[in-house]
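Report on one structure; see the data block that follows.
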Amino acid sequence: MKTNNRLILLILVFTSVFFNSCEKDFLEEVPTEDIASETATETTENLFLVVNGIHRSLYITYGSNRRGGVGAFMMQVEALGEDYVMTDRGNNRFINFYKWIDNRDASDSDNLFPYRVYYRIIRNANTIINGADQAVGPIEQRNAAVGQALIYRAWAHFQMVQLYAKRYVPGETNSQLGIPISLTVDQEPAERPTVEAVYTQVNKDLDDAIIALEGYTRPNKSHLDKSIAQGLKARIALVQGNYATAAQFAEIARVGYALMSRDDYFNNFSDFTSDEWMWGSHIQEDQTTFFSSYGSHISRNFSSNNIRRNPKAINSTLYDAIPDTDIRKLLFDPTGEHLNLPAGVTLPPGGVLKPYTSQKFIAEGTDDSRMDVPYMRVSEMYLIEAEAKARMGDASAANVLFNYAIVRDPSYMLSTNTGTALVDEILLQRRWELWGEGFRWYDLKRMDLPLNRNGANHIPSLAVELDIPAGDDRWQWLIPQDAINANPLLKQND
């Protein structure tokens, strides 16, 4: 009875950890470390309760409908780029990111949101990593829990260092300030280490995760296995300019997966059971977050005020570059009427029609915003491998690109481009493929490219910022003031 009561307590307290988001505290009112460590880590079964809590934390609501987990992070960074177009002010969701305001306001709650949530994930991952040795249960279960926690810790640090620090510059010392590295549950005040130090720790965690997860079979794609660690290694190596490593891990990460067919791409893109999806969140019916979910902001069919008034569009010049024979062109409508929707799908009643709007993402229905949230797909791995090889001058880069692109466009021909021209072709494919999934702003920053929204369908009075030079201070988010108040050792960005 005592054990059962303690298990129930564990579940209840962890639930409160993930659902409480009182803004007067830096992280939350009920921190993980207040739970008796011997309870959280006394068995491998309990370790998995913590792991499952982290999985769940990726798509819950954190105090506001504009803060719906990782899907909201994706909307924030999409709004900062040039490929994602706001067609109206709507109900103001993410408009201040579109204007490049919130990322530069240290007192803004939406600037704090990623910082707070990623460090929550890290702290809960540390509960597992630091306490697993004492957990009673099969060693295989212990390794699986620790391996997933290591991935989460690496991923969260990686996401934050891209936001709140200057870009990683391949071939340089990268002594610019990163973000605090957290390896314990204590969250003691710490100075900002270098960007290089953050990437070193991230890569170490992923290397350790690959070892820990050897032979582990996950129950579904909301859980993490070795392939996700390998995919993140590829993603991170691309940022660091370690192109041989990026190509190697992108190729091995996608083993056992397959690109979705053209039919599935059009009709069932938002299905995490697809052979193409590597990692994503699946929202159960009793876990819906209604108007804060990813689907409530980016789907074409859910009847939210945001979607009815501000359906999201693709950059018109990017759309025009997609060949007519490419299935991805059918996911956007230059007229905005969307007369060719998947069977059974309808537009929300009373909504406006705007040109170049997307139907890539489809929610469960006009009254149900649930939609699987994509964090990693096979197509990204092909594109990483192709780009990395092209940057190294590897002649096989064009073949990698062909094997991917021919599945999207049966008229695609093996590229004869080389050098910079081939890299540019791959990057264009990347923009078509990953639209709406939270990649473009990160890509601009990693390649030290400017923001250029000119000549497309952006509304100047709504976007305000049409040009941001490469290397401008605004590419760094300001460190949240709440974080500085909690940790006086933190130094603010310029």
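Convention: chains lettered A, B, ... in structure tokens order; per-chain residue numbering from 1; ligands numbered from 1 as shown.
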
Could you give me, as number ranges by chain, the residues within 12 Å of Glu437 of chain A, counting only C-alpha atoms and dropping anything in the same chain fewer than 2 positions from it?
A: 70-79, 81, 83-84, 270, 280, 294-295, 298-299, 360-361, 372-377, 380, 430-435, 439-442

Which residues come within 12 Å of Leu80 of chain A, counting only C-alpha atoms, excluding same-chain residues fewer than 6 positions away, as a VMD selection string?
chain A and resid 73 to 74 86 94 to 104 163 436 438 to 445 450 to 453 463 to 468 474 to 477

Limited to N, CA and C atoms, could you put the picked residues into a file as a short mmCIF file (atom, residue, chain, number, x, y, z; two decimals), in the first residue's frame?
data_model
loop_
_atom_site.label_atom_id
_atom_site.label_comp_id
_atom_site.auth_asym_id
_atom_site.auth_seq_id
_atom_site.Cartn_x
_atom_site.Cartn_y
_atom_site.Cartn_z
N PHE A 73 6.76 26.71 -30.23
CA PHE A 73 8.14 27.11 -30.55
C PHE A 73 8.33 27.13 -32.07
N MET A 74 7.77 26.13 -32.73
CA MET A 74 7.89 26.05 -34.18
C MET A 74 7.21 27.24 -34.85
N MET A 86 2.16 35.56 -42.73
CA MET A 86 0.93 35.89 -42.02
C MET A 86 0.05 36.69 -42.98
N PHE A 94 1.50 35.30 -32.43
CA PHE A 94 2.84 35.26 -33.04
C PHE A 94 3.12 36.45 -33.96
N ILE A 95 2.24 37.45 -33.96
CA ILE A 95 2.45 38.62 -34.81
C ILE A 95 3.70 39.39 -34.38
N ASN A 96 3.95 39.47 -33.09
CA ASN A 96 5.14 40.21 -32.65
C ASN A 96 6.44 39.46 -32.92
N PHE A 97 6.37 38.16 -33.15
CA PHE A 97 7.54 37.45 -33.67
C PHE A 97 7.70 37.76 -35.16
N TYR A 98 6.59 37.81 -35.86
CA TYR A 98 6.62 38.16 -37.28
C TYR A 98 7.29 39.52 -37.48
N LYS A 99 7.09 40.41 -36.51
CA LYS A 99 7.68 41.76 -36.56
C LYS A 99 9.08 41.82 -35.93
N TRP A 100 9.58 40.71 -35.44
CA TRP A 100 10.88 40.66 -34.77
C TRP A 100 10.89 41.54 -33.52
N ILE A 101 9.81 41.49 -32.75
CA ILE A 101 9.71 42.26 -31.51
C ILE A 101 9.92 41.38 -30.29
N ASP A 102 9.16 40.28 -30.19
CA ASP A 102 9.18 39.47 -28.97
C ASP A 102 10.53 38.83 -28.70
N ASN A 103 11.24 38.44 -29.74
CA ASN A 103 12.55 37.82 -29.53
C ASN A 103 13.58 38.79 -28.97
N ARG A 104 13.27 40.09 -29.05
CA ARG A 104 14.19 41.11 -28.55
C ARG A 104 13.62 41.87 -27.35
N LEU A 163 18.89 29.81 -30.24
CA LEU A 163 18.04 30.98 -30.03
C LEU A 163 18.78 32.11 -29.32
N GLY A 436 6.84 25.29 -42.59
CA GLY A 436 5.91 25.17 -41.46
C GLY A 436 6.38 24.29 -40.33
N GLY A 438 9.40 24.64 -38.69
CA GLY A 438 10.29 25.32 -37.77
C GLY A 438 11.76 25.29 -38.11
N PHE A 439 12.12 25.26 -39.40
CA PHE A 439 13.53 25.15 -39.78
C PHE A 439 14.12 26.40 -40.43
N ARG A 440 13.36 27.18 -41.16
CA ARG A 440 13.95 28.18 -42.05
C ARG A 440 14.75 29.24 -41.29
N TRP A 441 14.22 29.77 -40.19
CA TRP A 441 14.96 30.81 -39.46
C TRP A 441 16.29 30.26 -38.96
N TYR A 442 16.28 29.03 -38.44
CA TYR A 442 17.52 28.41 -38.00
C TYR A 442 18.51 28.27 -39.16
N ASP A 443 18.00 27.93 -40.34
CA ASP A 443 18.88 27.77 -41.50
C ASP A 443 19.51 29.11 -41.90
N LEU A 444 18.71 30.17 -41.89
CA LEU A 444 19.26 31.49 -42.21
C LEU A 444 20.37 31.85 -41.24
N LYS A 445 20.15 31.56 -39.96
CA LYS A 445 21.15 31.92 -38.94
C LYS A 445 22.41 31.07 -39.09
N PRO A 450 20.93 36.91 -44.67
CA PRO A 450 19.99 37.94 -44.22
C PRO A 450 18.55 37.48 -44.35
N LEU A 451 17.67 38.13 -43.62
CA LEU A 451 16.23 37.97 -43.86
C LEU A 451 15.86 38.88 -45.01
N ASN A 452 15.16 38.34 -46.01
CA ASN A 452 14.73 39.13 -47.16
C ASN A 452 13.32 38.72 -47.53
N ARG A 453 12.36 39.53 -47.16
CA ARG A 453 10.95 39.26 -47.44
C ARG A 453 10.44 40.07 -48.62
N ALA A 463 4.13 42.83 -41.53
CA ALA A 463 5.44 42.23 -41.25
C ALA A 463 6.40 43.24 -40.63
N VAL A 464 6.28 44.49 -41.06
CA VAL A 464 7.12 45.61 -40.60
C VAL A 464 8.58 45.40 -41.03
N GLU A 465 9.20 44.32 -40.57
CA GLU A 465 10.60 44.06 -40.90
C GLU A 465 10.67 43.19 -42.15
N LEU A 466 11.12 43.79 -43.25
CA LEU A 466 11.29 43.04 -44.49
C LEU A 466 12.74 42.65 -44.71
N ASP A 467 13.66 43.36 -44.10
CA ASP A 467 15.09 43.08 -44.25
C ASP A 467 15.76 43.11 -42.88
N ILE A 468 16.49 42.05 -42.55
CA ILE A 468 17.36 42.01 -41.37
C ILE A 468 18.73 41.55 -41.85
N ARG A 474 19.96 41.31 -33.73
CA ARG A 474 18.60 40.79 -33.54
C ARG A 474 18.47 39.30 -33.84
N TRP A 475 19.50 38.69 -34.42
CA TRP A 475 19.46 37.24 -34.63
C TRP A 475 19.63 36.49 -33.31
N GLN A 476 20.09 37.17 -32.28
CA GLN A 476 20.13 36.58 -30.94
C GLN A 476 18.89 37.01 -30.18
N TRP A 477 18.16 36.06 -29.62
CA TRP A 477 17.10 36.42 -28.70
C TRP A 477 17.74 36.97 -27.43
#

Given only C-alpha atoms as the counted atoms, nearest of A:Ala40, A:Ile139, A:Val161, A:Met392 to Gly241 of chain A:
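Smallest distance to Gly241 of chain A is found for A:Met392.
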
Which residues are close to His55 of chain A, i.e. within 9 Å by only C-alpha atoms, leaving aside same-chain residues fewer than 5 positions away? Reply as a ChimeraX atom specification.
/A:50,222-223,281

Just asking: which residues within segment 139-362 of chain A are alpha helix (DSSP H) according to DSSP, as a PyMOL selection string?
chain A and resi 139-164+195-212+226-240+243-253+262-267+295-298+305-309+316-321

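The closest residue to Met371 of chain A, picked from A:Asn143, A:Thr418, A:Asn268, A:Asn399 and counting only C-alpha atoms, is A:Asn268.
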
Any idea what's packed within 7 Å of segment 332-337 of chain A, counting only C-alpha atoms, ignoring anything in its chain fewer than 4 positions away? Could you give it as a compact mmCIF listing (two decimals) with N, CA and C atoms, in the first residue's frame?
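Writing the result to part-v4.txt gives the following:
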# COMPACT_ATOMS: atom_id res chain seq x y z
N LEU A 353 -10.61 33.84 -47.34
CA LEU A 353 -9.79 33.15 -48.33
C LEU A 353 -8.64 34.07 -48.71
N LYS A 354 -7.43 33.58 -48.57
CA LYS A 354 -6.25 34.37 -48.88
C LYS A 354 -5.35 33.59 -49.84
N PRO A 355 -4.69 34.27 -50.77
CA PRO A 355 -3.86 33.56 -51.75
C PRO A 355 -2.63 32.90 -51.13
N TYR A 356 -2.22 31.81 -51.74
CA TYR A 356 -1.02 31.04 -51.38
C TYR A 356 -1.11 30.36 -50.02
N THR A 357 -2.32 30.16 -49.51
CA THR A 357 -2.45 29.52 -48.21
C THR A 357 -2.16 28.02 -48.30
N SER A 358 -1.80 27.47 -47.14
CA SER A 358 -1.32 26.09 -47.07
C SER A 358 -2.42 25.13 -46.65
N GLN A 359 -2.40 23.93 -47.24
CA GLN A 359 -3.20 22.82 -46.76
C GLN A 359 -2.30 21.62 -46.46

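Taking atom CA of Asn454 of chain A and atom CA of Asp105 of chain A as endpoints, the distance between them is 24.9 Å.
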
For Thr289 of chain A, which residue among A:Val195, A:Val51, A:Ile60, A:Val400 is the nearest when counting only C-alpha atoms?
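Ranked by minimum distance to Thr289 of chain A, first place goes to A:Ile60.
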
Contacts of Ala125 of chain A at 10 Å or less, counting only C-alpha atoms, minus same-chain residues fewer than 4 places along, as a compact mmCIF listing (two decimals) with C-alpha atoms, in the first residue's frame?
# COMPACT_ATOMS: atom_id res chain seq x y z
CA LEU A 47 11.96 6.27 -14.38
CA VAL A 50 9.32 10.61 -15.71
CA VAL A 51 10.23 9.88 -19.35
CA ILE A 54 8.65 14.64 -20.67
CA TYR A 119 15.17 24.01 -18.89
CA ARG A 120 12.22 22.16 -17.35
CA ILE A 121 12.81 19.36 -19.82
CA ILE A 129 20.27 10.57 -15.67
CA ASN A 130 21.57 11.32 -12.18
CA ALA A 145 15.14 5.61 -19.80
CA VAL A 146 18.60 7.13 -19.50
CA GLY A 147 19.14 7.10 -23.27
CA GLN A 148 15.92 9.01 -23.91
CA ALA A 149 16.72 11.47 -21.12
CA LEU A 150 20.15 12.11 -22.66
CA ILE A 151 18.53 12.86 -26.02
CA TYR A 152 16.12 15.29 -24.42
CA ARG A 153 18.91 17.04 -22.53
CA ALA A 154 21.01 17.36 -25.68
CA LEU A 183 23.71 18.61 -15.71
CA THR A 184 21.97 18.37 -12.30
CA VAL A 185 18.50 18.99 -10.90

Could you check which of A:Gln240, A:Ala421, A:Ala212, A:Asp186 is closest to Tyr199 of chain A, using only C-alpha atoms?
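Smallest separation from Tyr199 of chain A among the options: A:Gln240.
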
Residues within 10 Å of Glu425 of chain A, please, as a PyMOL selection string. Count only C-alpha atoms; anything in the same chain fewer than 3 positions from it doesn't count.
chain A and resi 387+398+401+415+417-418+420-422+428-430

Saved selection, atoms kept: N, CA and C atoms, as a compact mmCIF listing (two decimals), in the first residue's frame:
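As a result, again.txt now contains:
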# COMPACT_ATOMS: atom_id res chain seq x y z
N GLU A 387 23.18 17.97 -48.72
CA GLU A 387 23.85 19.26 -48.53
C GLU A 387 25.27 19.08 -48.02
N ALA A 398 24.57 14.62 -55.71
CA ALA A 398 23.48 14.73 -56.67
C ALA A 398 22.63 13.46 -56.69
N LEU A 401 20.34 13.51 -53.66
CA LEU A 401 19.24 14.43 -53.93
C LEU A 401 18.23 13.80 -54.89
N SER A 415 20.48 16.03 -61.15
CA SER A 415 21.06 17.36 -61.28
C SER A 415 22.46 17.30 -61.88
N ASN A 417 24.20 20.13 -61.63
CA ASN A 417 24.84 21.21 -60.89
C ASN A 417 25.98 20.68 -60.03
N THR A 418 26.93 21.52 -59.78
CA THR A 418 28.03 21.20 -58.87
C THR A 418 28.30 22.42 -57.99
N THR A 420 28.51 25.44 -55.54
CA THR A 420 27.51 26.31 -54.93
C THR A 420 26.14 26.15 -55.58
N ALA A 421 26.10 25.93 -56.88
CA ALA A 421 24.82 25.77 -57.57
C ALA A 421 24.07 24.54 -57.06
N LEU A 422 24.78 23.46 -56.79
CA LEU A 422 24.13 22.26 -56.25
C LEU A 422 23.66 22.50 -54.82
N LEU A 428 16.91 24.93 -51.79
CA LEU A 428 15.57 25.24 -52.28
C LEU A 428 14.63 24.07 -52.02
N GLN A 429 15.09 22.86 -52.27
CA GLN A 429 14.30 21.67 -51.94
C GLN A 429 13.99 21.64 -50.44
N ARG A 430 14.95 22.01 -49.64
CA ARG A 430 14.76 22.02 -48.18
C ARG A 430 13.66 23.00 -47.77
